[in-house]
Amino acid sequence: MPDPLVSVVIVSWNRKNDVLETLPSILEQDYSNYEIVVVDNGSSDGLGEAIRALYPAVKLVTLNNNTGAAGGRNAGIEQASGEIIFFLDSDASLQADTLTQTVRQFQLDPKLGAVACKVVNSHTGQVDEIGRFFSHRADPNQEFLSFSFCAAGCAISAETLQKAGHFWDFMFFIREEEELGLRIWEAGYKILYYPEAIVYHRESPQTRVRGYQREYLDLRNCFYIYLVHYPWWMLSRFLLVKTSIALLRSVRRRNLRRTALPAISEVVRQLPYLWQQRRPMSDQAAQCYFNLQRHHGPLSWNLIDWLKYKA
């Protein structure tokens, strides 16, 4: 069978230098059938001009304002022509055979919806923390089925995105991968963590969301997922436990008024909209999702893990 077209989608907001450092790693792939889509997410640093001048073959999508990670990726999906969409952070690079390794997995399993890459910190050579949320208790050098993925380096088939839907742009940033991952399982597809597909994360100094704001968004979006997607038997378990742990952690860190309380307040304010969006998972998909979290995700954590967790 001919090699499928892979669309590599990069979203950037004022990270021109990071993008220019990332692009050569794509051009040096040992896989030849690909296109590059760069989404300028309302940048003011001249990213668009630099791409047009240095990489005229790149598909450039220019947005008027910052639509967040979720909205930016969706804009890239709309312009992508590939059978496989590979999402790559602006401050990440591909190992030379990453696209080849990724495509091979899709060719081996027609029910594979997404491949989560092994994200390695380019400075330390160790597994990067941004890729550890969904694999906290798992061996990072062994493949496994996962409930989520890290969009710093992952691939999703266009067919899966058509059936499961795109990223939920209401979340803007943080946990948007987990929310989409849930819908991928619900649509009848699988998510595979595959460590032979490697992405190197350079961790840009231009961090978008820091400290209290990051914790606030993480908790808020977590509640959004619960209320919209969890069936009642899961919602009743998770909501109480998550709220209790979040309040305890906020008190311990002395940031209750900056994280937990504002997040809960915003969720309450959005309840009418969230209830309109409510589409609970089937019990079958929910049980699978629940078991995967128990195996290697947050449900495998102890109380100390939860109290230490930083979004």
# chains A, B, ... in the order shown; residues from 1 in each chain; ligands from 1
call {"tool": "closest_atom_pairs", "arguments": {"of": "range 170-239 of chain A", "to": "range 244-253 of chain A", "cutoff": "12 Å", "atoms": "only C-alpha atoms", "output": "tab-separated table"}}
result
residue	atom	partner	partner_atom	distance
A:Gly211	CA	A:Arg253	CA	11.4
A:Tyr212	CA	A:Ser250	CA	9.9
A:Glu215	CA	A:Ser250	CA	9.5
A:Tyr216	CA	A:Ala246	CA	10.0
A:Asp218	CA	A:Ala246	CA	10.5
A:Leu219	CA	A:Ala246	CA	7.7
A:Arg220	CA	A:Ala246	CA	10.6
A:Cys222	CA	A:Ala246	CA	10.9
A:Phe223	CA	A:Ala246	CA	11.1
A:Arg237	CA	A:Ser244	CA	11.4
A:Phe238	CA	A:Ser244	CA	9.9
A:Leu239	CA	A:Ser244	CA	8.5
call {"tool": "residues_around", "arguments": {"residues": "Phe290 in chain A", "least_positions_apart": "6", "cutoff": "10 Å", "atoms": "only C-alpha atoms", "output": "ChimeraX atom specification"}}
result
/A:147,234,284,297,299
call {"tool": "write_last_selection", "arguments": {"atoms": "N, CA and C atoms", "output": "PDB file, in the first residue's frame"}}
result
ATOM      1  N   PHE A 147      -5.535   6.095  28.035  1.00  0.00           N
ATOM      2  CA  PHE A 147      -6.778   6.855  28.037  1.00  0.00           C
ATOM      3  C   PHE A 147      -6.571   8.247  27.441  1.00  0.00           C
ATOM      4  N   MET A 234     -19.756   7.265  37.380  1.00  0.00           N
ATOM      5  CA  MET A 234     -18.400   7.810  37.451  1.00  0.00           C
ATOM      6  C   MET A 234     -18.410   9.225  38.020  1.00  0.00           C
ATOM      7  N   GLN A 284     -19.763   0.900  28.443  1.00  0.00           N
ATOM      8  CA  GLN A 284     -18.647   0.087  27.952  1.00  0.00           C
ATOM      9  C   GLN A 284     -17.391   0.927  27.798  1.00  0.00           C
ATOM     10  N   GLY A 297      -2.835   5.667  34.885  1.00  0.00           N
ATOM     11  CA  GLY A 297      -3.163   7.084  34.991  1.00  0.00           C
ATOM     12  C   GLY A 297      -3.378   7.549  36.415  1.00  0.00           C
ATOM     13  N   LEU A 299      -5.735   7.357  38.524  1.00  0.00           N
ATOM     14  CA  LEU A 299      -6.354   6.461  39.496  1.00  0.00           C
ATOM     15  C   LEU A 299      -5.354   5.476  40.095  1.00  0.00           C
TER      16      LEU A 299
END
call {"tool": "select_by_dssp", "arguments": {"residues": "range 54-218 of chain A", "states": "strand (DSSP E)", "output": "number ranges by chain"}}
result
A: 59-63, 84-89, 92-94, 112-121, 144-145, 153-157, 190-201
call {"tool": "residues_around", "arguments": {"residues": "Glu196 in chain A", "least_positions_apart": "3", "cutoff": "8 Å", "atoms": "only C-alpha atoms", "output": "list in words"}}
result
Thr98, Gln101, Cys117 and Lys118 of chain A
call {"tool": "residues_around", "arguments": {"residues": "range 267-270 of chain A", "least_positions_apart": "6", "cutoff": "12 Å", "atoms": "only C-alpha atoms", "output": "NGL selection string"}}
result
:A and (170-171 or 216-217 or 219-228 or 239 or 243 or 260-261 or 276-277)
